[in-house]
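As provided, protein-v9.txt (compact mmCIF, C-alpha atoms and all ligand atoms) reads as follows.
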```
# COMPACT_ATOMS: atom_id res chain seq x y z
CA VAL A 818 -29.19 -18.77 87.55
CA LEU A 819 -29.36 -22.11 89.32
CA ASN A 820 -32.00 -22.84 91.87
CA PRO A 821 -30.51 -25.07 94.59
CA ARG A 822 -34.01 -25.64 96.03
CA ASN A 823 -34.78 -27.67 92.90
CA PHE A 824 -31.96 -30.11 93.59
CA SER A 825 -31.66 -33.13 95.85
CA PRO A 826 -28.73 -33.09 98.34
CA ILE A 827 -26.65 -35.13 95.89
CA ALA A 828 -27.41 -32.73 93.08
CA VAL A 829 -26.65 -29.76 95.36
CA SER A 830 -23.07 -30.98 95.58
CA ALA A 831 -23.12 -31.16 91.77
CA VAL A 832 -24.08 -27.47 91.77
CA MET A 833 -20.80 -26.80 93.63
CA ALA A 834 -18.94 -28.16 90.67
CA MET A 835 -20.91 -26.04 88.22
CA ASP A 836 -20.15 -22.59 86.92
CA PRO A 837 -20.09 -19.71 89.37
CA VAL A 838 -22.82 -17.10 88.99
CA ARG A 839 -21.51 -13.72 87.90
CA VAL A 840 -22.91 -10.88 90.02
CA LEU A 841 -22.44 -7.27 88.96
CA VAL A 842 -22.51 -4.56 91.62
CA THR A 843 -22.30 -1.04 90.22
CA GLY A 844 -21.17 1.75 92.54
CA ALA A 845 -19.23 -0.95 94.35
CA ALA A 846 -16.79 1.49 95.97
CA GLY A 847 -19.69 3.31 97.64
CA GLN A 848 -21.18 2.60 101.01
CA ILE A 849 -23.91 0.16 99.97
CA GLY A 850 -21.39 -1.57 97.70
CA TYR A 851 -18.96 -1.96 100.57
CA ALA A 852 -21.67 -3.61 102.70
CA LEU A 853 -23.08 -5.67 99.83
CA VAL A 854 -20.08 -7.35 98.22
CA PRO A 855 -19.05 -9.35 101.32
CA MET A 856 -22.66 -10.49 101.75
CA VAL A 857 -22.71 -11.77 98.16
CA ALA A 858 -19.31 -13.45 98.62
CA ARG A 859 -20.59 -15.18 101.78
CA GLY A 860 -23.62 -16.65 100.04
CA ALA A 861 -26.29 -14.36 101.53
CA MET A 862 -27.65 -13.58 98.07
CA LEU A 863 -27.52 -16.86 96.13
CA GLY A 864 -27.24 -19.46 98.85
CA PRO A 865 -24.45 -21.04 100.88
CA ASP A 866 -23.40 -23.48 98.16
CA GLN A 867 -23.39 -21.25 95.10
CA PRO A 868 -19.96 -20.02 93.94
CA VAL A 869 -19.88 -16.46 92.65
CA ILE A 870 -17.68 -14.16 90.60
CA LEU A 871 -18.07 -10.53 91.59
CA HIS A 872 -18.00 -7.85 88.91
CA MET A 873 -17.56 -4.43 90.52
CA LEU A 874 -18.02 -1.21 88.56
CA ASP A 875 -17.34 2.33 89.67
CA ILE A 876 -16.27 5.58 88.03
CA PRO A 877 -12.62 6.70 87.57
CA PRO A 878 -12.50 9.02 90.64
CA ALA A 879 -13.36 5.95 92.75
CA ALA A 880 -10.97 3.56 90.96
CA GLU A 881 -8.40 3.46 93.75
CA ALA A 882 -11.03 2.87 96.42
CA LEU A 883 -12.52 0.14 94.24
CA GLU A 884 -9.10 -1.52 94.03
CA GLY A 885 -9.00 -1.37 97.83
CA VAL A 886 -12.34 -3.19 98.05
CA LYS A 887 -10.95 -5.84 95.72
CA MET A 888 -7.89 -6.22 97.97
CA GLU A 889 -10.16 -6.69 101.00
CA LEU A 890 -12.25 -9.30 99.18
CA ILE A 891 -9.07 -11.24 98.45
CA ASP A 892 -7.91 -10.83 102.06
CA ALA A 893 -11.21 -12.15 103.41
CA ALA A 894 -10.58 -15.49 101.64
CA PHE A 895 -14.26 -16.23 100.97
CA PRO A 896 -14.56 -19.88 99.94
CA LEU A 897 -17.45 -19.16 97.54
CA LEU A 898 -15.70 -16.29 95.78
CA LYS A 899 -14.16 -17.60 92.58
CA GLY A 900 -13.05 -14.32 91.06
CA VAL A 901 -13.27 -10.53 91.22
CA VAL A 902 -13.47 -8.11 88.30
CA ALA A 903 -12.94 -4.52 89.52
CA THR A 904 -13.22 -2.02 86.72
CA THR A 905 -14.28 1.41 85.54
CA ASP A 906 -15.08 -0.03 82.10
CA VAL A 907 -18.82 -0.61 81.81
CA VAL A 908 -18.42 -3.22 79.06
CA ALA A 909 -15.97 -5.33 81.10
CA ALA A 910 -18.26 -4.94 84.10
CA CYS A 911 -21.41 -6.12 82.30
CA THR A 912 -19.93 -8.94 80.24
CA GLY A 913 -21.53 -12.28 81.02
CA VAL A 914 -23.26 -11.21 84.24
CA ASN A 915 -26.23 -13.29 85.45
CA VAL A 916 -27.35 -10.88 88.16
CA ALA A 917 -26.91 -7.10 88.06
CA VAL A 918 -27.37 -5.02 91.20
CA MET A 919 -27.36 -1.41 90.13
CA VAL A 920 -26.27 0.69 93.10
CA GLY A 921 -24.11 3.23 91.29
CA GLY A 922 -25.34 6.77 91.15
CA PHE A 923 -25.57 9.98 93.03
CA PRO A 924 -27.06 9.53 96.52
CA ARG A 925 -29.51 11.84 98.20
CA LYS A 926 -27.88 14.11 100.78
CA GLU A 927 -29.56 15.66 103.82
CA GLY A 928 -32.17 18.19 102.76
CA MET A 929 -32.37 16.99 99.16
CA GLU A 930 -35.64 15.70 97.71
CA ARG A 931 -35.46 12.56 95.62
CA LYS A 932 -36.48 14.55 92.56
CA ASP A 933 -33.29 16.60 92.91
CA VAL A 934 -31.20 13.52 92.26
CA MET A 935 -33.24 12.38 89.28
CA SER A 936 -31.52 14.25 86.50
CA LYS A 937 -28.12 13.06 87.75
CA ASN A 938 -29.22 9.46 87.74
CA VAL A 939 -31.52 8.78 84.80
CA SER A 940 -28.80 9.53 82.24
CA ILE A 941 -26.52 7.00 83.97
CA TYR A 942 -29.29 4.39 83.75
CA LYS A 943 -29.94 5.07 80.10
CA SER A 944 -26.32 4.40 79.17
CA GLN A 945 -25.90 1.40 81.47
CA ALA A 946 -29.08 -0.11 79.98
CA SER A 947 -27.34 -0.37 76.62
CA ALA A 948 -24.24 -1.98 78.12
CA LEU A 949 -26.31 -4.60 79.95
CA GLU A 950 -28.41 -5.30 76.89
CA LYS A 951 -25.34 -5.90 74.74
CA HIS A 952 -23.06 -7.70 77.16
CA ALA A 953 -24.92 -9.37 80.04
CA ALA A 954 -25.80 -13.09 79.97
CA ALA A 955 -29.15 -13.98 78.44
CA ASN A 956 -31.85 -13.88 81.12
CA CYS A 957 -29.79 -11.63 83.42
CA LYS A 958 -31.84 -10.52 86.43
CA VAL A 959 -31.55 -6.81 87.20
CA LEU A 960 -32.19 -5.09 90.53
CA VAL A 961 -32.00 -1.30 90.63
CA VAL A 962 -31.18 0.13 94.05
CA ALA A 963 -30.00 3.64 93.18
CA ASN A 964 -32.59 6.37 93.54
CA PRO A 965 -35.01 7.22 92.16
CA ALA A 966 -35.07 3.43 92.10
CA ASN A 967 -38.41 2.82 90.35
CA THR A 968 -37.79 5.42 87.68
CA ASN A 969 -34.15 4.43 87.12
CA ALA A 970 -35.41 0.86 86.60
CA LEU A 971 -38.04 2.09 84.17
CA ILE A 972 -35.44 4.01 82.17
CA LEU A 973 -33.19 0.96 82.18
CA LYS A 974 -36.09 -1.15 80.89
CA GLU A 975 -37.01 1.31 78.17
CA PHE A 976 -33.44 1.59 76.90
CA ALA A 977 -32.75 -2.15 77.04
CA PRO A 978 -35.69 -3.42 75.01
CA SER A 979 -34.18 -6.86 74.43
CA ILE A 980 -34.00 -7.63 78.18
CA PRO A 981 -37.35 -9.21 79.13
CA GLU A 982 -39.33 -6.69 81.19
CA LYS A 983 -39.89 -9.34 83.90
CA ASN A 984 -36.12 -9.29 84.50
CA ILE A 985 -35.96 -5.64 85.50
CA THR A 986 -36.95 -4.79 89.06
CA CYS A 987 -36.25 -2.23 91.76
CA LEU A 988 -35.67 -2.46 95.49
CA THR A 989 -38.62 -1.90 97.81
CA ARG A 990 -37.68 -4.87 99.99
CA LEU A 991 -35.94 -2.47 102.37
CA ASP A 992 -39.27 -0.69 102.91
CA HIS A 993 -40.97 -4.08 103.29
CA ASN A 994 -38.41 -5.11 105.92
CA ARG A 995 -38.81 -1.76 107.67
CA ALA A 996 -42.57 -2.36 107.89
CA LEU A 997 -41.99 -5.84 109.35
CA GLY A 998 -39.56 -4.28 111.82
CA GLN A 999 -42.03 -1.62 112.97
CA ILE A 1000 -44.81 -4.17 113.56
CA SER A 1001 -42.43 -6.47 115.42
CA GLU A 1002 -41.24 -3.59 117.65
CA ARG A 1003 -44.80 -2.48 118.36
CA LEU A 1004 -46.03 -5.97 119.27
CA LYS A 1005 -42.76 -7.08 120.88
CA VAL A 1006 -42.67 -10.20 118.71
CA HIS A 1007 -39.83 -11.56 116.66
CA VAL A 1008 -39.61 -10.03 113.21
CA SER A 1009 -39.60 -13.49 111.59
CA ASP A 1010 -43.06 -14.11 113.07
CA VAL A 1011 -44.53 -11.19 111.08
CA ARG A 1012 -45.31 -11.64 107.40
CA ASN A 1013 -47.23 -10.42 104.40
CA VAL A 1014 -46.99 -6.69 104.85
CA ILE A 1015 -47.08 -4.94 101.48
CA ILE A 1016 -45.27 -1.94 100.08
CA TRP A 1017 -47.27 -0.47 97.23
CA GLY A 1018 -45.83 1.96 94.72
CA ASN A 1019 -42.77 4.14 94.79
CA HIS A 1020 -39.64 3.82 96.93
CA SER A 1021 -40.32 7.32 98.22
CA SER A 1022 -42.35 9.09 100.86
CA THR A 1023 -45.56 8.38 98.90
CA GLN A 1024 -45.13 4.62 99.20
CA TYR A 1025 -47.99 2.86 100.95
CA PRO A 1026 -46.93 0.39 103.66
CA ASP A 1027 -50.07 -1.73 104.07
CA VAL A 1028 -50.77 -4.18 106.89
CA SER A 1029 -54.34 -5.05 105.83
CA HIS A 1030 -53.31 -8.64 105.05
CA ALA A 1031 -50.31 -9.02 107.37
CA THR A 1032 -50.28 -11.76 109.96
CA VAL A 1033 -48.31 -12.57 113.10
CA LYS A 1034 -47.45 -16.02 114.36
CA THR A 1035 -48.63 -16.36 117.98
CA GLN A 1036 -48.92 -19.27 120.39
CA GLY A 1037 -52.61 -19.30 119.51
CA GLY A 1038 -51.88 -19.54 115.76
CA GLU A 1039 -51.55 -17.01 112.95
CA LYS A 1040 -53.45 -13.77 113.75
CA PRO A 1041 -54.11 -10.63 111.68
CA ALA A 1042 -51.57 -7.93 112.56
CA ARG A 1043 -54.38 -5.36 112.56
CA GLU A 1044 -56.25 -7.28 115.25
CA LEU A 1045 -53.15 -7.61 117.45
CA VAL A 1046 -52.12 -3.98 117.09
CA ALA A 1047 -55.76 -2.96 117.71
CA ASN A 1048 -55.07 0.68 116.98
CA VAL A 1049 -56.25 1.83 113.55
CA GLU A 1050 -55.11 5.36 114.24
CA TRP A 1051 -51.50 4.19 114.72
CA LEU A 1052 -51.65 1.85 111.73
CA GLN A 1053 -53.05 4.51 109.42
CA GLY A 1054 -50.89 7.31 110.81
CA GLU A 1055 -47.60 6.94 112.65
CA PHE A 1056 -46.80 3.48 111.29
CA ILE A 1057 -47.16 4.57 107.67
CA GLN A 1058 -45.21 7.78 108.19
CA THR A 1059 -42.39 6.05 110.06
CA VAL A 1060 -41.85 3.59 107.20
CA GLN A 1061 -42.24 6.29 104.54
CA GLN A 1062 -39.73 8.57 106.28
CA ARG A 1063 -37.29 5.95 107.50
CA GLY A 1064 -34.76 6.64 104.74
CA ALA A 1065 -34.76 10.34 105.64
CA ALA A 1066 -34.47 9.51 109.37
CA ILE A 1067 -31.38 7.37 108.70
CA ILE A 1068 -29.83 10.15 106.61
CA LYS A 1069 -30.49 12.61 109.44
CA ALA A 1070 -28.93 10.30 112.02
CA ARG A 1071 -25.95 9.02 110.01
CA LYS A 1072 -25.46 11.92 107.63
CA LEU A 1073 -25.35 9.12 105.08
CA SER A 1074 -28.13 7.07 103.57
CA SER A 1075 -28.90 3.57 104.78
CA ALA A 1076 -26.29 1.06 103.70
CA LEU A 1077 -26.20 -2.17 105.68
CA SER A 1078 -29.99 -2.50 105.65
CA ALA A 1079 -30.11 -1.64 101.94
CA ALA A 1080 -27.42 -4.22 101.16
CA SER A 1081 -29.11 -6.89 103.26
CA SER A 1082 -32.49 -6.19 101.65
CA ALA A 1083 -30.93 -6.36 98.17
CA CYS A 1084 -29.70 -9.86 99.07
CA ASP A 1085 -33.21 -10.77 100.30
CA HIS A 1086 -34.72 -9.51 97.03
CA ILE A 1087 -32.44 -11.54 94.75
CA ARG A 1088 -32.44 -14.61 97.01
CA ASP A 1089 -36.23 -14.85 97.05
CA TRP A 1090 -36.49 -14.10 93.32
CA VAL A 1091 -33.98 -16.82 92.43
CA LEU A 1092 -34.66 -19.40 95.14
CA GLY A 1093 -38.38 -18.74 95.68
CA THR A 1094 -40.52 -17.26 98.46
CA PRO A 1095 -41.52 -19.56 101.33
CA GLU A 1096 -44.96 -21.17 101.04
CA GLY A 1097 -47.70 -18.75 102.17
CA THR A 1098 -45.40 -15.74 102.23
CA TRP A 1099 -45.17 -12.87 99.81
CA VAL A 1100 -42.61 -10.07 99.56
CA SER A 1101 -42.61 -6.63 97.95
CA MET A 1102 -40.74 -5.98 94.71
CA GLY A 1103 -40.79 -3.06 92.32
CA VAL A 1104 -41.86 -4.66 89.04
CA TYR A 1105 -43.25 -3.66 85.68
CA SER A 1106 -46.96 -3.04 86.18
CA ASP A 1107 -49.37 -5.09 84.07
CA GLY A 1108 -52.39 -3.12 85.31
CA SER A 1109 -53.04 -5.36 88.34
CA TYR A 1110 -55.04 -3.59 91.07
CA ASN A 1111 -55.80 -0.85 88.54
CA VAL A 1112 -52.27 0.48 88.81
CA PRO A 1113 -51.43 2.06 85.44
CA ALA A 1114 -49.51 -0.33 83.21
CA GLY A 1115 -46.05 0.83 82.18
CA LEU A 1116 -44.73 1.94 85.57
CA ILE A 1117 -42.25 0.14 87.78
CA TYR A 1118 -44.46 -0.13 90.87
CA SER A 1119 -44.03 -2.11 94.09
CA PHE A 1120 -46.49 -4.98 94.44
CA PRO A 1121 -46.82 -8.03 96.67
CA VAL A 1122 -45.23 -10.91 94.77
CA THR A 1123 -44.47 -14.58 95.21
CA CYS A 1124 -41.53 -16.16 93.42
CA ARG A 1125 -41.06 -19.63 92.03
CA ASP A 1126 -38.59 -21.11 89.55
CA GLY A 1127 -36.89 -17.75 89.16
CA GLU A 1128 -40.07 -15.88 88.19
CA TRP A 1129 -42.11 -13.42 90.25
CA SER A 1130 -45.91 -13.17 90.05
CA ILE A 1131 -48.07 -10.44 91.50
CA VAL A 1132 -50.34 -11.76 94.28
CA GLN A 1133 -53.86 -11.41 92.92
CA GLY A 1134 -57.29 -11.02 94.50
CA LEU A 1135 -56.44 -9.02 97.65
CA THR A 1136 -59.24 -6.72 98.79
CA ILE A 1137 -58.39 -3.05 98.60
CA ASP A 1138 -60.50 -0.80 100.82
CA GLU A 1139 -61.18 2.86 100.18
CA PHE A 1140 -58.31 4.07 102.39
CA SER A 1141 -55.85 1.81 100.58
CA ARG A 1142 -57.23 2.71 97.13
CA LYS A 1143 -56.41 6.38 97.66
CA LYS A 1144 -52.89 5.53 98.78
CA LEU A 1145 -52.28 3.18 95.82
CA ASP A 1146 -53.44 5.90 93.44
CA ALA A 1147 -51.39 8.68 95.05
CA THR A 1148 -48.10 6.81 94.74
CA ALA A 1149 -48.97 5.76 91.15
CA GLU A 1150 -49.58 9.41 90.36
CA GLU A 1151 -46.15 10.34 91.69
CA LEU A 1152 -44.55 7.62 89.55
CA THR A 1153 -46.37 8.87 86.46
CA GLU A 1154 -45.01 12.36 87.16
CA GLU A 1155 -41.49 10.98 87.77
CA LYS A 1156 -41.64 9.15 84.46
CA ALA A 1157 -42.48 12.40 82.63
CA LEU A 1158 -39.76 14.25 84.54
CA ALA A 1159 -37.21 11.54 83.74
CA TYR A 1160 -37.96 11.83 80.05
CA SER A 1161 -37.68 15.61 80.22
CA CYS A 1162 -34.25 15.22 81.90
CA LEU A 1163 -33.13 12.94 79.10
CA SER A 1164 -34.26 15.13 76.24
N1 LIG A 1201 -33.81 1.51 96.99
C1 LIG A 1201 -33.39 1.60 98.24
O1 LIG A 1201 -33.99 1.01 99.14
C2 LIG A 1201 -32.18 2.42 98.59
C3 LIG A 1201 -31.72 2.43 99.91
C4 LIG A 1201 -30.58 3.16 100.22
C5 LIG A 1201 -29.93 3.89 99.25
N2 LIG A 1201 -30.39 3.87 97.98
C6 LIG A 1201 -29.69 4.58 96.89
O2 LIG A 1201 -28.59 3.77 96.49
C7 LIG A 1201 -27.62 4.58 95.84
C8 LIG A 1201 -26.23 4.31 96.40
O3 LIG A 1201 -26.13 4.72 97.73
P1 LIG A 1201 -24.74 4.76 98.49
O4 LIG A 1201 -25.02 5.24 99.86
O5 LIG A 1201 -24.00 3.51 98.29
O6 LIG A 1201 -24.01 5.94 97.70
P2 LIG A 1201 -22.46 6.21 97.57
O7 LIG A 1201 -22.30 7.61 97.06
O8 LIG A 1201 -21.72 5.83 98.81
O9 LIG A 1201 -22.03 5.20 96.42
C9 LIG A 1201 -22.43 5.38 95.11
C10 LIG A 1201 -21.28 4.90 94.26
O10 LIG A 1201 -21.72 4.96 92.92
C11 LIG A 1201 -20.62 5.38 92.16
N3 LIG A 1201 -21.08 5.87 90.87
C12 LIG A 1201 -21.49 7.12 90.53
N4 LIG A 1201 -21.79 7.16 89.23
C13 LIG A 1201 -21.58 5.92 88.73
C14 LIG A 1201 -21.71 5.36 87.47
N5 LIG A 1201 -22.11 6.08 86.42
N6 LIG A 1201 -21.40 4.04 87.31
C15 LIG A 1201 -20.97 3.30 88.36
N7 LIG A 1201 -20.82 3.80 89.59
C16 LIG A 1201 -21.13 5.09 89.78
C17 LIG A 1201 -19.93 6.43 93.03
O11 LIG A 1201 -18.60 6.68 92.63
C18 LIG A 1201 -20.03 5.77 94.39
O12 LIG A 1201 -18.90 4.95 94.65
C19 LIG A 1201 -28.10 6.01 96.05
O13 LIG A 1201 -28.79 6.41 94.88
C20 LIG A 1201 -29.07 5.90 97.22
O14 LIG A 1201 -29.99 6.96 97.24
C21 LIG A 1201 -31.51 3.15 97.64
O1 LIG A 1202 -34.39 8.13 100.72
C1 LIG A 1202 -33.21 7.93 100.40
O2 LIG A 1202 -32.63 8.53 99.50
C2 LIG A 1202 -32.44 6.86 101.12
C3 LIG A 1202 -32.84 5.49 100.77
O3 LIG A 1202 -33.59 5.37 99.62
C4 LIG A 1202 -33.51 4.78 101.91
O4 LIG A 1202 -34.69 4.43 101.80
O5 LIG A 1202 -32.85 4.58 102.94
```
Output the file's structure in the form of structure tokens.
Amino acid sequence: VLNPRNFSPIAVSAVMAMDPVRVLVTGAAGQIGYALVPMVARGAMLGPDQPVILHMLDIPPAAEALEGVKMELIDAAFPLLKGVVATTDVVAACTGVNVAVMVGGFPRKEGMERKDVMSKNVSIYKSQASALEKHAAANCKVLVVANPANTNALILKEFAPSIPEKNITCLTRLDHNRALGQISERLKVHVSDVRNVIIWGNHSSTQYPDVSHATVKTQGGEKPARELVANVEWLQGEFIQTVQQRGAAIIKARKLSSALSAASSACDHIRDWVLGTPEGTWVSMGVYSDGSYNVPAGLIYSFPVTCRDGEWSIVQGLTIDEFSRKKLDATAEELTEEKALAYSCLS
């Protein structure tokens, strides 16, 4: 995938003349898909100058709806959109894709725990892993959105051994953005002035939204968010629970899971991965653990990362206090259990 930030203005116009990037969205007839594909076609994912070809996959019962989404994409006359593949054939969907956003699956309904949806989803991810491995472009970047996102990504990684493990990630950027949003609401500051929150672990209610290193831009300079909030009880209680439970709160309110915020955060995730994170800013991504921060290796776990030249790196050297340590370990434990459960569903 091209990185327009590496080009001079003259070369950026050369990028326009280069090949479009092929972006796969699975579950494209669903509600996240419907919010996501226009964002991709408008350049919110890969930049305002990068042409794209959308590959949209869904299952046969959704084929007619998928065709309708394709009709709307044509009707919207997006200048960056150079083609649309709408299919129920996984091979056609995966062929030649540079970016794969895996949204397809069975969503959690009100009252369901995430574990309830696991068995329905891990078998989908096992079979789609093989299709991506065989047919996607070399170096395809994969983002798994469908829940259980971390464990689906892990299954995809395990059953697509020829895709580099660094290329398989899951979405915790929505949780990251939710944490930024809560701090901005509390302090009545603009959300873009808050940075460097961290989501550790699972995209579930055991995730640990951590503001220990977060800062807020003020007229007097950059200040620690903790100092400005000045309420440890709120930070260690209500704030964490609100972010952990936000997905459930949206389901309760909408009777559907979050869609526009999930789609927007998926664009943020890929954009920063491909184009790089701003200097001094990190974001949260679910990535394959290398044992950093004593998180067990071999899990897809959300860490603070910076991105450059299309590669993410885990931010190293952050101090972890005793409160945080317990939270990091609890969410790792849940992921270890999910991994075992996923394998038992597959066998
Ligand atoms: N990681 C996150 O932050 C996050 C946030 C919100 C939702 N989600 C998850 O994203 C997923 C999608 O949510 P949604 O609201 O769009 O659901 P949805 O039910 O509206 O859409 C899912 C789509 O996937 C399709 N699908 C089912 N099986 C498929 C398969 N094998 N291949 C391709 N497509 C398939 C369905 O037909 C449907 O069109 C859910 O698992 C949801 O829990 C994750
Ligand atoms: O929790 C869910 O299933 C919904 C989704 O993952 C979300 O965070 O909004």
(request) Tell me, in Å to one decimal, how far atom CA of A:Gly885 is from atom CA of A:Ala1070. (result) 27.1 Å
(message) Could you list, as number ranges by chain, every residue within 9 Å of A:Lys887, counting all atoms listed in the file and ignoring same-chain residues fewer than 5 positions away?
(response) A: 873, 882, 892, 901-903
(message) Using only C-alpha atoms, can you tell me which of A:Ile1016, A:Leu1092, A:Ile941, A:Ala1080 comes closest to A:Val1060?
(response)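 Of A:Ile1016, A:Leu1092, A:Ile941, A:Ala1080, the one nearest A:Val1060, counting only C-alpha atoms, is A:Ile1016.
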(request) Determine, counting all atoms listed in the file, which protein, DNA and RNA residues have an atom within 12 Å of an atom of A:Glu1154; residues of the same chain fewer than 5 positions away are not included. Present the result as a list in words. (result) Lys932, Met935, Thr968, Asn1019, Leu1116, Ala1147, Thr1148, Ala1149, Ala1159, Tyr1160 and Ser1161 of chain A
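For the atom pair formed by atom CA of A:Ile1131 and atom CA of A:His1086, the distance is 14.5 Å, given to one decimal.
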(request) May I ask which of the residues A:Lys1143, A:Arg990, A:His1007, A:His1030 is the closest one to ligand LIG 1202 (chain A), counting only C-alpha atoms and all ligand atoms? (result)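 Using only C-alpha atoms and all ligand atoms, ligand LIG 1202 (chain A) sits closest to A:Arg990.
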(message) as a PyMOL selection string, please: every protein or nucleic acid residue near ligand LIG 1202 (chain A) (cut-off 6 Å, counting only C-alpha atoms and all ligand atoms).
(response) chain A and resi 925+1064-1065+1074-1075
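Atom CA of A:Gln1062 to atom CA of A:Gln999 spans 12.4 Å [interatomic distance, one decimal].
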(request) Tell me which of A:Val1049, A:Ala1079, A:Leu960, A:Ile1117 sits closest to ligand LIG 1201 (chain A), counting all atoms listed in the file. (result)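 Distance minimum relative to ligand LIG 1201 (chain A) lands on A:Ala1079.
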(message) Neighbouring residues of ligand LIG 1201 (chain A) are defined here as those with any atom at most 6 Å from a ligand atom, counting all atoms listed in the file; list them as number ranges by chain.
(response) A: 843-850, 874-876, 879, 920-925, 941, 962-964, 966, 988-989, 991, 1074-1076, 1079
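Residue nearest A:Gln1058 within the list A:Tyr1025, A:Trp1099, A:Phe1120, A:Tyr942: A:Tyr1025 [criterion: smallest interatomic distance, all atoms listed in the file].
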(request) For each of A:Asn1013, A:Ser1141, A:Asn969, A:Asn994, take the minimum atom-to-atom distance to A:Ser1078, counting all atoms listed in the file, then give the residue where this is smallest. (result)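 For A:Ser1078, the nearest of the candidates is A:Asn994.
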For A:Lys943, list every protein, DNA or RNA residue within 7 Å, evaluated using all atoms listed in the file, and leave out those in the same chain fewer than 5 positions away; present the list as a PDB file with C-alpha atoms, keeping the file's coordinate frame.
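Saved result, result17.pdb, follows:
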```pdb
ATOM      1  CA  ILE A 972     -35.440   4.010  82.170  1.00  0.00           C
ATOM      2  CA  LEU A 973     -33.190   0.960  82.180  1.00  0.00           C
ATOM      3  CA  PHE A 976     -33.440   1.590  76.900  1.00  0.00           C
TER       4      PHE A 976
END
```
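With distances taken over all atoms listed in the file, A:Ile985 is the one residue among A:Ile985, A:Val840, A:Leu871, A:Ala953 lying closest to A:Gly1103.
For A:Arg1125, the set of protein, DNA and RNA residues having any atom at most 6 Å away, when counting all atoms listed in the file and skipping those fewer than 2 positions along the same chain, is Gly1093, Gly1127 and Glu1128 of chain A.
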Selected residues, C-alpha atoms, written as a PDB file, keeping the file's coordinate frame, please.
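Contents of part_27.pdb, as written:
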```
ATOM      1  CA  GLY A1093     -38.380 -18.740  95.680  1.00  0.00           C
ATOM      2  CA  GLY A1127     -36.890 -17.750  89.160  1.00  0.00           C
ATOM      3  CA  GLU A1128     -40.070 -15.880  88.190  1.00  0.00           C
TER       4      GLU A1128
END
```
(request) Determine, counting only C-alpha atoms, every residue of protein, DNA or RNA that lies within 6 Å of (-30.2, -7.0, 85.6) in the file coordinates, then give the result as a PyMOL selection string. (result) chain A and resi 916-917+957-960+985
Emit as lines of an AutoDock Vina configuration file the padded axis-aligned box for all listed atoms of stretch 1084-1097 of chain A, 5 Å per side, with centre and edge lengths in Å to one decimal.
```
center_x = -38.7
center_y = -15.3
center_z = 97.3
size_x = 28.0
size_y = 21.7
size_z = 19.7
```
(request) Would you kindly return, as a list in words, each protein, DNA or RNA residue with an atom no farther than 10 Å from any atom of A:Lys983, considering all atoms listed in the file and excluding same-chain residues fewer than 6 positions away? (result) Asn956, Lys958, Val959, Lys974, Val1104, Tyr1105, Ser1106, Glu1128, Trp1129 and Ser1130 of chain A
(message) Counting only C-alpha atoms, I want the residues whose atoms come within 10 Å of (-24.4, -12.1, 94.1) in the file frame, returned as a PyMOL selection string.
(response) chain A and resi 837-842+853-864+867-872+898+914-918+1083-1084+1087-1088
Quick one: stretch 843-853 of chain A with N, CA and C atoms, as a CSV table (one decimal), keeping the file's coordinate frame?
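Printed below is result_0.csv as written:
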```csv
chain,number,residue,atom,x,y,z
A,843,THR,N,-22.8,-2.3,90.7
A,843,THR,CA,-22.3,-1.0,90.2
A,843,THR,C,-22.2,-0.1,91.4
A,844,GLY,N,-21.4,0.9,91.4
A,844,GLY,CA,-21.2,1.8,92.5
A,844,GLY,C,-20.6,1.0,93.7
A,845,ALA,N,-19.7,0.0,93.3
A,845,ALA,CA,-19.2,-1.0,94.4
A,845,ALA,C,-18.3,-0.3,95.3
A,846,ALA,N,-17.7,0.8,95.0
A,846,ALA,CA,-16.8,1.5,96.0
A,846,ALA,C,-17.6,2.4,97.0
A,847,GLY,N,-18.9,2.5,96.7
A,847,GLY,CA,-19.7,3.3,97.6
A,847,GLY,C,-20.1,2.6,98.9
A,848,GLN,N,-20.9,3.2,99.7
A,848,GLN,CA,-21.2,2.6,101.0
A,848,GLN,C,-22.1,1.4,100.9
A,849,ILE,N,-23.1,1.4,100.1
A,849,ILE,CA,-23.9,0.2,100.0
A,849,ILE,C,-23.0,-0.9,99.4
A,850,GLY,N,-22.3,-0.6,98.3
A,850,GLY,CA,-21.4,-1.6,97.7
A,850,GLY,C,-20.5,-2.2,98.7
A,851,TYR,N,-19.9,-1.4,99.6
A,851,TYR,CA,-19.0,-2.0,100.6
A,851,TYR,C,-19.6,-2.9,101.5
A,852,ALA,N,-20.9,-2.7,101.8
A,852,ALA,CA,-21.7,-3.6,102.7
A,852,ALA,C,-22.1,-4.8,101.9
A,853,LEU,N,-22.4,-4.6,100.6
A,853,LEU,CA,-23.1,-5.7,99.8
A,853,LEU,C,-22.1,-6.7,99.3
```
